[in-house]
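Here's the structure we're looking at; comments come further down.
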Amino acid sequence: MRTPSLRHRPALLPAGVLLAGALAAPTAPTAPTAPADSRPAASPVRGKACLETRLFFGTARPDGEPAVTDRQFAAFVDKVVTPDFPDGLTVQSGRGQWRDAHGTIEKERSYELVLLCPRSATADGDRKIEEIRRAYEKAFAQESVGRVDERVRVDF
């Protein structure tokens with residue numbers, strides 16, 4: 001019987017060499033694992049669960065009347081909004097645009113009103129917010145008042 005030539009052995013040699021090298025190679029030290037009780041604590045949950053509502057009020061009037069003024073809007077907030085949200089609110093002025101019911105893109109001065117309502121009182125808060133929207137639409141001949149709601153946590 002003939003022994004295989006060296007030409008046929010190289011295919012077997014690398015695997016054996018790699019295995020021998022792996023067995024003989026020193027292992028790198030591993031970092032000690034932290035005990036279970038030393039893990040960083042989760043961040044505490046802060047603030048009260050609230051619903052943040054942002055309302056968007058346009059000022060251009062489709063009936064041809066002059067645009068809603070700062071004074072008129074402030075009076076609206078004082079008379080209609082503040083009684084239902086006396087703990088605080090934010091009003092920001094802006095420039096906005098939207099497509100009206102006739103397909104026309106209206107660009108106008110606008111106001112953003114930010115209200116916070118505890119989630120425990122969202123049913124009552126929702127009713128009050130809808131009353132604010134309807135009151136503005138009626139008082140200033142608006143097609144709509146935009147609304148965005150988001151769940152947040154609030155801390156003062």
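To be explicit about the labels: the chains of the structure tokens are called A, B, and onward in the order shown, and within each one the residues are counted from 1, while ligands get numbers from 1 in the order they are shown.
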- prompt: Which of range 38-150 of chain A counts as strand (DSSP E) under DSSP, as number ranges by chain please?
  reply: A: 48-58, 90-99, 105-118, 146-150
Can you write out the residues you just picked, keeping C-alpha atoms, as a JSON list (two decimals), in the first residue's frame?
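After the write, selection-v6.json holds the following:
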[["chain", "number", "residue", "atom", "x", "y", "z"],
["A", 48, "LYS", "CA", -47.69, 63.75, 36.66],
["A", 49, "ALA", "CA", -49.26, 61.91, 33.73],
["A", 50, "CYS", "CA", -51.00, 64.52, 31.59],
["A", 51, "LEU", "CA", -52.50, 65.02, 28.18],
["A", 52, "GLU", "CA", -50.90, 67.93, 26.31],
["A", 53, "THR", "CA", -53.25, 69.53, 23.82],
["A", 54, "ARG", "CA", -52.11, 72.05, 21.26],
["A", 55, "LEU", "CA", -54.77, 74.08, 19.48],
["A", 56, "PHE", "CA", -54.09, 76.04, 16.29],
["A", 57, "PHE", "CA", -56.18, 79.15, 15.69],
["A", 58, "GLY", "CA", -56.16, 80.94, 12.35],
["A", 90, "THR", "CA", -49.13, 78.96, 26.87],
["A", 91, "VAL", "CA", -49.97, 81.07, 23.83],
["A", 92, "GLN", "CA", -47.51, 81.39, 20.95],
["A", 93, "SER", "CA", -47.84, 83.53, 17.84],
["A", 94, "GLY", "CA", -46.98, 82.07, 14.48],
["A", 95, "ARG", "CA", -47.50, 81.97, 10.76],
["A", 96, "GLY", "CA", -49.41, 79.03, 9.35],
["A", 97, "GLN", "CA", -51.13, 77.68, 6.31],
["A", 98, "TRP", "CA", -53.80, 75.13, 5.57],
["A", 99, "ARG", "CA", -56.09, 74.06, 2.74],
["A", 105, "ILE", "CA", -54.27, 77.26, 0.55],
["A", 106, "GLU", "CA", -54.67, 79.97, 3.16],
["A", 107, "LYS", "CA", -51.56, 81.59, 4.66],
["A", 108, "GLU", "CA", -52.24, 83.55, 7.79],
["A", 109, "ARG", "CA", -51.09, 84.79, 11.13],
["A", 110, "SER", "CA", -52.01, 82.22, 13.78],
["A", 111, "TYR", "CA", -51.88, 81.32, 17.46],
["A", 112, "GLU", "CA", -50.88, 78.07, 19.12],
["A", 113, "LEU", "CA", -52.44, 77.42, 22.52],
["A", 114, "VAL", "CA", -50.86, 74.72, 24.72],
["A", 115, "LEU", "CA", -52.95, 73.20, 27.49],
["A", 116, "LEU", "CA", -52.06, 70.49, 30.01],
["A", 117, "CYS", "CA", -54.73, 68.33, 31.59],
["A", 118, "PRO", "CA", -54.12, 65.55, 34.13],
["A", 146, "GLY", "CA", -56.63, 72.39, 14.67],
["A", 147, "ARG", "CA", -55.96, 70.04, 17.57],
["A", 148, "VAL", "CA", -53.03, 67.79, 18.50],
["A", 149, "ASP", "CA", -52.98, 65.60, 21.63],
["A", 150, "GLU", "CA", -49.96, 63.89, 23.16]]
field: Contacts of range 131-145 of chain A at 8 Å (only C-alpha atoms; same-chain gap of 3+ positions) as a list in words
entry: Leu55, Phe56, Phe57, Gly58, Thr59, Arg61, Pro62, Asp63, Val68, Phe76, Val80, Val81, Asp100, Ala101, Arg127 and Lys128 of chain A
May I have the selected residues written with N, CA and C atoms, as a PDB file, in the first residue's frame?
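New file out_30.pdb:
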ATOM      1  N   LEU A  55     -53.717  73.603  20.377  1.00  0.00           N
ATOM      2  CA  LEU A  55     -54.766  74.081  19.484  1.00  0.00           C
ATOM      3  C   LEU A  55     -54.180  75.139  18.558  1.00  0.00           C
ATOM      4  N   PHE A  56     -54.602  75.105  17.298  1.00  0.00           N
ATOM      5  CA  PHE A  56     -54.092  76.040  16.288  1.00  0.00           C
ATOM      6  C   PHE A  56     -55.244  76.893  15.782  1.00  0.00           C
ATOM      7  N   PHE A  57     -55.133  78.193  16.037  1.00  0.00           N
ATOM      8  CA  PHE A  57     -56.178  79.153  15.692  1.00  0.00           C
ATOM      9  C   PHE A  57     -55.714  80.040  14.546  1.00  0.00           C
ATOM     10  N   GLY A  58     -56.432  80.014  13.451  1.00  0.00           N
ATOM     11  CA  GLY A  58     -56.160  80.936  12.355  1.00  0.00           C
ATOM     12  C   GLY A  58     -56.801  82.275  12.654  1.00  0.00           C
ATOM     13  N   THR A  59     -56.365  83.296  11.932  1.00  0.00           N
ATOM     14  CA  THR A  59     -56.904  84.637  12.181  1.00  0.00           C
ATOM     15  C   THR A  59     -57.627  85.235  10.973  1.00  0.00           C
ATOM     16  N   ARG A  61     -60.419  85.676   8.216  1.00  0.00           N
ATOM     17  CA  ARG A  61     -61.843  85.356   8.251  1.00  0.00           C
ATOM     18  C   ARG A  61     -62.364  85.192   6.829  1.00  0.00           C
ATOM     19  N   PRO A  62     -63.017  84.085   6.567  1.00  0.00           N
ATOM     20  CA  PRO A  62     -63.509  83.843   5.204  1.00  0.00           C
ATOM     21  C   PRO A  62     -64.670  84.745   4.800  1.00  0.00           C
ATOM     22  N   ASP A  63     -65.299  85.392   5.777  1.00  0.00           N
ATOM     23  CA  ASP A  63     -66.448  86.239   5.463  1.00  0.00           C
ATOM     24  C   ASP A  63     -66.057  87.662   5.061  1.00  0.00           C
ATOM     25  N   VAL A  68     -58.541  88.430  12.923  1.00  0.00           N
ATOM     26  CA  VAL A  68     -58.591  88.476  14.385  1.00  0.00           C
ATOM     27  C   VAL A  68     -57.329  89.180  14.881  1.00  0.00           C
ATOM     28  N   PHE A  76     -60.454  86.578  24.047  1.00  0.00           N
ATOM     29  CA  PHE A  76     -61.027  85.235  23.909  1.00  0.00           C
ATOM     30  C   PHE A  76     -60.398  84.284  24.931  1.00  0.00           C
ATOM     31  N   VAL A  80     -62.863  82.766  27.589  1.00  0.00           N
ATOM     32  CA  VAL A  80     -63.302  81.404  27.275  1.00  0.00           C
ATOM     33  C   VAL A  80     -62.348  80.324  27.777  1.00  0.00           C
ATOM     34  N   VAL A  81     -61.045  80.537  27.664  1.00  0.00           N
ATOM     35  CA  VAL A  81     -60.079  79.489  27.987  1.00  0.00           C
ATOM     36  C   VAL A  81     -59.694  79.486  29.465  1.00  0.00           C
ATOM     37  N   ASP A 100     -58.272  75.133   2.812  1.00  0.00           N
ATOM     38  CA  ASP A 100     -59.644  75.289   3.278  1.00  0.00           C
ATOM     39  C   ASP A 100     -60.597  74.338   2.547  1.00  0.00           C
ATOM     40  N   ALA A 101     -61.876  74.404   2.883  1.00  0.00           N
ATOM     41  CA  ALA A 101     -62.886  73.502   2.314  1.00  0.00           C
ATOM     42  C   ALA A 101     -63.035  73.666   0.807  1.00  0.00           C
ATOM     43  N   ARG A 127     -63.948  67.622  26.909  1.00  0.00           N
ATOM     44  CA  ARG A 127     -65.197  68.360  26.697  1.00  0.00           C
ATOM     45  C   ARG A 127     -64.929  69.868  26.669  1.00  0.00           C
ATOM     46  N   LYS A 128     -64.118  70.347  27.624  1.00  0.00           N
ATOM     47  CA  LYS A 128     -63.802  71.782  27.698  1.00  0.00           C
ATOM     48  C   LYS A 128     -63.032  72.240  26.465  1.00  0.00           C
TER      49      LYS A 128
END
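Atom to atom, CA of Val154 in chain A and CA of Arg46 in chain A stand 7.5 Å apart.
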